[in-house]
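File shown: start-v9.txt. Contents: compact mmCIF, C-alpha atoms and all ligand atoms.
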```
# COMPACT_ATOMS: atom_id res chain seq x y z
CA MET Y 1 -20.12 9.93 -7.82
CA PRO Y 2 -17.67 7.33 -9.22
CA THR Y 3 -19.02 3.79 -8.95
CA VAL Y 4 -16.57 0.95 -9.41
CA ASP Y 5 -17.67 -2.51 -10.42
CA ALA Y 6 -16.14 -4.49 -7.55
CA LYS Y 7 -16.52 -7.61 -5.47
CA PRO Y 8 -18.70 -8.24 -3.56
CA SER Y 9 -20.70 -5.16 -4.67
CA PRO Y 10 -20.24 -1.80 -6.41
CA PHE Y 11 -17.86 0.53 -4.55
CA THR Y 12 -18.81 4.20 -4.56
CA PHE Y 13 -16.90 7.24 -3.37
CA GLU Y 14 -16.88 11.01 -3.72
CA LEU Y 15 -13.87 12.87 -5.07
CA ASP Y 16 -13.66 14.83 -1.81
CA ASN Y 17 -13.64 11.84 0.53
CA VAL Y 18 -11.17 9.41 -0.98
CA ALA Y 19 -7.41 8.84 -0.64
CA LEU Y 20 -4.98 6.47 -2.32
CA LEU Y 21 -2.63 4.53 -0.06
CA VAL Y 22 0.49 3.13 -1.68
CA ILE Y 23 1.95 0.61 0.72
CA ASP Y 24 5.69 -0.11 0.90
CA MET Y 25 6.68 -0.02 -2.79
CA GLN Y 26 10.27 -0.07 -1.56
CA ARG Y 27 13.40 -1.15 -3.40
CA ASP Y 28 14.22 -3.71 -0.75
CA PHE Y 29 10.96 -5.55 -1.42
CA LEU Y 30 10.80 -5.10 -5.19
CA LEU Y 31 14.24 -5.00 -6.78
CA PRO Y 32 16.37 -7.95 -7.80
CA GLY Y 33 19.18 -8.24 -5.24
CA GLY Y 34 17.13 -6.65 -2.45
CA PHE Y 35 15.98 -8.00 0.90
CA GLY Y 36 12.93 -9.76 -0.57
CA GLU Y 37 14.93 -11.64 -3.14
CA SER Y 38 17.62 -12.49 -0.57
CA LEU Y 39 14.91 -14.40 1.32
CA GLY Y 40 14.39 -16.58 -1.75
CA ASN Y 41 11.35 -14.73 -3.09
CA ASP Y 42 10.42 -14.16 -6.72
CA VAL Y 43 10.39 -10.36 -6.94
CA SER Y 44 8.79 -10.39 -10.39
CA GLN Y 45 5.52 -11.20 -8.59
CA LEU Y 46 5.73 -7.75 -7.01
CA ALA Y 47 7.30 -5.88 -9.93
CA ARG Y 48 4.24 -6.56 -12.11
CA THR Y 49 2.28 -4.10 -9.91
CA ILE Y 50 4.49 -1.13 -10.82
CA GLU Y 51 3.02 -0.41 -14.25
CA PRO Y 52 -0.69 -0.51 -13.31
CA LEU Y 53 0.03 1.39 -10.12
CA ALA Y 54 1.90 4.11 -12.01
CA ALA Y 55 -1.08 4.42 -14.36
CA LEU Y 56 -3.50 4.67 -11.43
CA MET Y 57 -1.31 7.27 -9.71
CA ALA Y 58 -1.19 9.33 -12.91
CA VAL Y 59 -4.98 9.48 -13.09
CA TRP Y 60 -5.18 10.16 -9.36
CA ARG Y 61 -2.73 13.05 -9.71
CA ALA Y 62 -4.61 14.41 -12.74
CA HIS Y 63 -7.68 14.65 -10.50
CA ASN Y 64 -5.67 16.31 -7.68
CA LEU Y 65 -6.67 13.55 -5.28
CA PRO Y 66 -4.51 12.71 -2.26
CA ILE Y 67 -1.83 10.04 -2.41
CA ILE Y 68 -0.18 8.74 0.75
CA HIS Y 69 2.90 6.55 0.40
CA THR Y 70 4.15 4.33 3.21
CA ARG Y 71 7.53 2.75 3.89
CA GLU Y 72 8.18 -0.04 6.34
CA GLY Y 73 11.38 0.55 8.26
CA HIS Y 74 13.19 1.49 11.41
CA LEU Y 75 15.40 4.10 12.99
CA PRO Y 76 19.14 3.51 12.51
CA ASP Y 77 19.50 2.61 16.22
CA LEU Y 78 16.63 0.12 15.87
CA SER Y 79 14.98 1.55 19.00
CA ASP Y 80 11.58 1.31 17.28
CA CYS Y 81 12.01 -2.32 16.25
CA PRO Y 82 10.52 -4.90 18.61
CA PRO Y 83 13.07 -7.53 19.71
CA SER Y 84 10.73 -10.21 18.36
CA LYS Y 85 11.00 -8.73 14.84
CA LEU Y 86 14.76 -8.25 15.14
CA ALA Y 87 15.24 -11.83 16.25
CA ARG Y 88 13.86 -13.08 12.92
CA GLY Y 89 16.88 -11.62 11.16
CA GLY Y 90 17.52 -9.25 8.30
CA ILE Y 91 16.38 -5.91 9.74
CA GLY Y 92 19.35 -3.58 10.22
CA GLU Y 93 21.82 -5.97 8.65
CA GLN Y 94 23.91 -4.92 5.66
CA GLY Y 95 22.14 -5.75 2.40
CA ALA Y 96 22.81 -5.01 -1.26
CA PHE Y 97 21.05 -1.64 -0.95
CA GLY Y 98 22.34 -0.55 2.48
CA ARG Y 99 21.14 -1.57 5.92
CA ILE Y 100 17.94 -3.52 5.45
CA LEU Y 101 14.72 -1.58 6.14
CA ILE Y 102 16.55 1.27 7.84
CA ARG Y 103 15.28 4.79 7.19
CA GLY Y 104 17.57 6.80 4.97
CA GLU Y 105 19.07 3.76 3.23
CA TYR Y 106 18.70 3.33 -0.54
CA GLY Y 107 16.83 0.05 -0.23
CA HIS Y 108 14.32 1.53 2.21
CA ASP Y 109 13.13 4.11 -0.30
CA ILE Y 110 10.42 3.83 -2.92
CA VAL Y 111 11.17 2.52 -6.43
CA ASP Y 112 11.97 5.25 -8.94
CA GLU Y 113 8.89 4.60 -11.09
CA LEU Y 114 6.56 5.41 -8.18
CA ALA Y 115 8.58 8.10 -6.41
CA PRO Y 116 6.37 10.48 -4.43
CA LEU Y 117 5.92 13.93 -5.95
CA ASP Y 118 6.48 17.08 -3.90
CA GLY Y 119 3.50 17.55 -1.63
CA GLU Y 120 2.58 13.87 -1.44
CA LEU Y 121 2.74 12.46 2.05
CA VAL Y 122 5.12 9.68 3.01
CA VAL Y 123 4.34 7.81 6.22
CA ASP Y 124 7.19 5.85 7.78
CA LYS Y 125 5.87 2.90 9.69
CA PRO Y 126 7.66 0.45 11.95
CA GLY Y 127 4.97 -2.20 11.67
CA LYS Y 128 3.08 -4.06 9.00
CA GLY Y 129 -0.06 -1.96 9.37
CA ALA Y 130 0.07 1.68 8.28
CA PHE Y 131 -1.93 2.88 11.30
CA TYR Y 132 0.26 1.33 13.98
CA ALA Y 133 2.62 3.92 15.55
CA THR Y 134 2.04 6.49 12.78
CA ASP Y 135 -0.05 9.65 12.34
CA LEU Y 136 -2.05 8.19 9.45
CA SER Y 137 -5.39 8.55 11.29
CA ASP Y 138 -4.77 12.29 11.79
CA ILE Y 139 -3.69 12.70 8.16
CA LEU Y 140 -6.85 11.01 6.88
CA GLU Y 141 -9.03 13.04 9.20
CA LYS Y 142 -7.49 16.29 7.90
CA LEU Y 143 -8.09 15.12 4.34
CA ASN Y 144 -11.70 14.21 5.21
CA ALA Y 145 -10.99 10.80 3.68
CA LYS Y 146 -13.63 8.18 4.45
CA LYS Y 147 -12.87 5.78 1.62
CA LEU Y 148 -9.47 4.38 0.81
CA VAL Y 149 -8.01 2.74 -2.25
CA VAL Y 150 -5.25 0.52 -0.89
CA THR Y 151 -2.41 -0.62 -3.15
CA GLY Y 152 1.15 -1.87 -2.75
CA VAL Y 153 2.98 -4.84 -1.30
CA THR Y 154 2.70 -7.39 -0.01
CA THR Y 155 -0.92 -8.39 -0.39
CA GLU Y 156 -1.14 -10.77 2.54
CA VAL Y 157 1.15 -8.86 4.91
CA CYS Y 158 1.26 -5.05 4.90
CA VAL Y 159 -1.69 -4.50 2.55
CA HIS Y 160 -3.91 -6.92 4.48
CA THR Y 161 -2.87 -5.57 7.88
CA THR Y 162 -3.53 -2.00 6.75
CA VAL Y 163 -6.92 -2.82 5.22
CA ARG Y 164 -7.95 -4.62 8.41
CA GLU Y 165 -6.77 -1.71 10.56
CA ALA Y 166 -8.61 0.75 8.30
CA ASN Y 167 -11.78 -1.30 8.33
CA ASP Y 168 -11.78 -1.39 12.13
CA ARG Y 169 -11.42 2.40 12.14
CA GLY Y 170 -14.49 2.87 9.92
CA TYR Y 171 -12.93 3.30 6.48
CA ASP Y 172 -14.28 1.53 3.41
CA CYS Y 173 -11.35 0.09 1.46
CA LEU Y 174 -11.14 -0.84 -2.20
CA VAL Y 175 -8.19 -3.00 -3.26
CA PRO Y 176 -7.33 -3.03 -6.99
CA ALA Y 177 -6.08 -6.59 -7.50
CA ASP Y 178 -3.47 -5.74 -10.15
CA CYS Y 179 -1.97 -2.99 -7.93
CA VAL Y 180 -1.18 -5.30 -5.02
CA GLY Y 181 1.37 -8.09 -5.09
CA SER Y 182 2.51 -11.11 -3.15
CA TYR Y 183 5.65 -13.19 -3.70
CA PHE Y 184 3.30 -16.19 -3.52
CA PRO Y 185 0.58 -16.54 -6.20
CA GLU Y 186 -1.55 -18.63 -3.85
CA PHE Y 187 -1.42 -15.95 -1.13
CA GLN Y 188 -2.31 -13.31 -3.72
CA ARG Y 189 -5.40 -15.24 -4.78
CA VAL Y 190 -6.55 -16.18 -1.31
CA GLY Y 191 -5.59 -12.81 0.17
CA LEU Y 192 -7.87 -11.03 -2.28
CA GLU Y 193 -10.67 -13.54 -1.77
CA MET Y 194 -10.49 -13.05 1.98
CA ILE Y 195 -11.04 -9.29 1.68
CA ALA Y 196 -14.25 -9.51 -0.33
CA ALA Y 197 -15.63 -12.74 1.19
CA GLN Y 198 -18.74 -12.82 3.37
CA GLY Y 199 -20.27 -9.72 1.80
CA GLY Y 200 -17.02 -7.72 1.98
CA ILE Y 201 -15.90 -8.74 5.45
CA PHE Y 202 -13.25 -6.02 5.41
CA GLY Y 203 -13.27 -4.51 1.95
CA TRP Y 204 -13.91 -4.54 -1.80
CA VAL Y 205 -11.77 -5.86 -4.67
CA ALA Y 206 -11.72 -4.58 -8.25
CA ASP Y 207 -9.06 -4.00 -10.90
CA SER Y 208 -7.34 -0.74 -11.72
CA PRO Y 209 -8.68 -0.27 -15.29
CA THR Y 210 -12.22 -0.42 -13.87
CA LEU Y 211 -11.31 2.11 -11.17
CA ILE Y 212 -9.57 4.36 -13.69
CA ALA Y 213 -12.58 4.21 -16.02
CA ALA Y 214 -14.90 5.21 -13.15
CA LEU Y 215 -12.60 8.10 -12.23
CA SER Y 216 -12.04 9.25 -15.78
CA SER Y 217 -15.76 9.70 -16.29
CA GLN Y 218 -15.65 12.40 -13.56
CA GLU Y 219 -14.87 16.10 -13.81
CA GLN Y 220 -11.38 16.90 -12.50
CA LYS Y 221 -11.26 18.67 -9.11
C1 LIG Y 301 6.66 -7.55 4.60
C2 LIG Y 301 5.33 -5.78 3.66
N1 LIG Y 301 6.15 -8.49 3.83
N2 LIG Y 301 5.41 -4.54 3.25
N3 LIG Y 301 6.35 -6.24 4.45
O1 LIG Y 301 7.48 -7.84 5.45
O2 LIG Y 301 4.41 -6.50 3.32
```
Could I get this structure in the form of structure tokens?
Amino acid sequence: MPTVDAKPSPFTFELDNVALLVIDMQRDFLLPGGFGESLGNDVSQLARTIEPLAALMAVWRAHNLPIIHTREGHLPDLSDCPPSKLARGGIGEQGAFGRILIRGEYGHDIVDELAPLDGELVVDKPGKGAFYATDLSDILEKLNAKKLVVTGVTTEVCVHTTVREANDRGYDCLVPADCVGSYFPEFQRVGLEMIAAQGGIFGWVADSPTLIAALSSQEQK
């Protein structure tokens, strides 16, 4: 059983009960010129997650373990976008990479380096959390996943919301700190601290080399 040195305590999982969630590694959040940068954000704070995440995904794939990618976005007619979210601007407007956070647009899709492979699941979500208005619960049940490794962007928004949703549904979540990113270094630091505080109030935090080392010591499935 892989055991990962994590905060606040070692995180253990079995190879047949774990899944990797890759949250919203979309061009519009990560690429220079995209939606995120147009809001005045420093996208390099997110881009630094690509390399460690690609390495983690490679090991995950080598072990034939499930990877589930998510994308935040909306239908072209915006019928799944709450008026409150629309009113804050951006969504559906024309951006450098097509209509912002609209399914099917270039900017809505995942960065090339982390593109899903055939057979990997992609969950399109209208909200910040990956469970809200999606079939993620059913997918995880079919996979028999009880433990989740949650990666992606942004740490304090979609990653946090998803980890909280997962925790409330009975999943144990491990967050590799170098595989999640925030535009704001302070939010990154505090966001990670909040997860593991109070004895792991809603999860565990480690880094990806430690997770990879724990996995690599296991037989491949
Ligand atoms: C945001 C996300 N920040 N994926 N989305 O709007 O975190």
inquiry  = Which residues are near ligand LIG 301 (chain Y) in this structure, taking near to mean any atom at most 8 Å from a ligand atom and counting only C-alpha atoms and all ligand atoms? Format them as a PyMOL selection string.
reply    = chain Y and resi 23-25+29+71-72+128+152-159
task = Fewer than 4 positions away in the same chain doesn't count, so skip those; otherwise give me all residues within 8 Å of range 175-181 of chain Y, counting only C-alpha atoms, as a ChimeraX atom specification.
result = /Y:45-50,52-53,149-155,159,188,192,203-208,211
remark   = Min atom-atom distance to Leu65 in chain Y from the set Y:Ile195, Y:Ala145, Y:Ala130, Y:Ile91, counting all atoms listed in the file, belongs to Y:Ala145
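Residue nearest Arg88 in chain Y, chosen from Y:Ala62, Y:Leu143, Y:Leu39, Y:Leu56 and counting all atoms listed in the file: Y:Leu39.
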message = Need the shell around Lys142 in chain Y: protein/DNA/RNA residues with any atom at most 12 Å away, counting only C-alpha atoms. Skip same-chain ones fewer than 3 positions apart. Format as number ranges by chain?
response = Y: 16-19, 66, 135-139, 145-146
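The shortest atom-to-atom distance to Val163 in chain Y, with all atoms listed in the file taken into account, belongs to Y:Gly200 out of Y:Arg27, Y:Gly200, Y:Gly40, Y:Glu186.
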remark   = Between CA of Gly92 in chain Y and CA of Glu37 in chain Y lies a distance of 16.2 Å
request  = Go ahead and compute the interatomic distance for CA of Gly36 in chain Y and CA of Asp109 in chain Y, in Å to one decimal.
outcome  = 13.9 Å
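Considering only C-alpha atoms, the residue among Y:Ile110, Y:Ala133, Y:Phe184, Y:Lys7 positioned nearest to Ala197 in chain Y is Y:Lys7.
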request  = Skip Gly129 in chain Y itself and residues of its chain fewer than 6 positions away, then list as a PyMOL selection string all residues within 7 Å of it, counting all atoms listed in the file.
outcome  = chain Y and resi 158+161-162+165
query = Using only C-alpha atoms, which of the listed residues (Y:Leu140, Y:Ile68, Y:Leu148, Y:Ile201) sits closest to Glu14 in chain Y?
reply =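 The shortest atom-to-atom distance to Glu14 in chain Y comes from Y:Leu148.
Each of Y:Ala96, Y:Leu20, Y:Leu174, Y:Ala6 was compared to Ala58 in chain Y using all atoms listed in the file, and Y:Leu20 turns out to be the nearest.
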message = One decimal, in Å: what's the spacing between CA of Val4 in chain Y and CA of Ile212 in chain Y?
response =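 Value for the CA of Val4 in chain Y-CA of Ile212 in chain Y distance: 8.9 Å.
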task = Write out as number ranges by chain which residues come within 12 Å of Gly98 in chain Y when counting only C-alpha atoms, dropping same-chain ones fewer than 2 positions away.
result = Y: 27-28, 33-35, 76, 90-96, 100-109
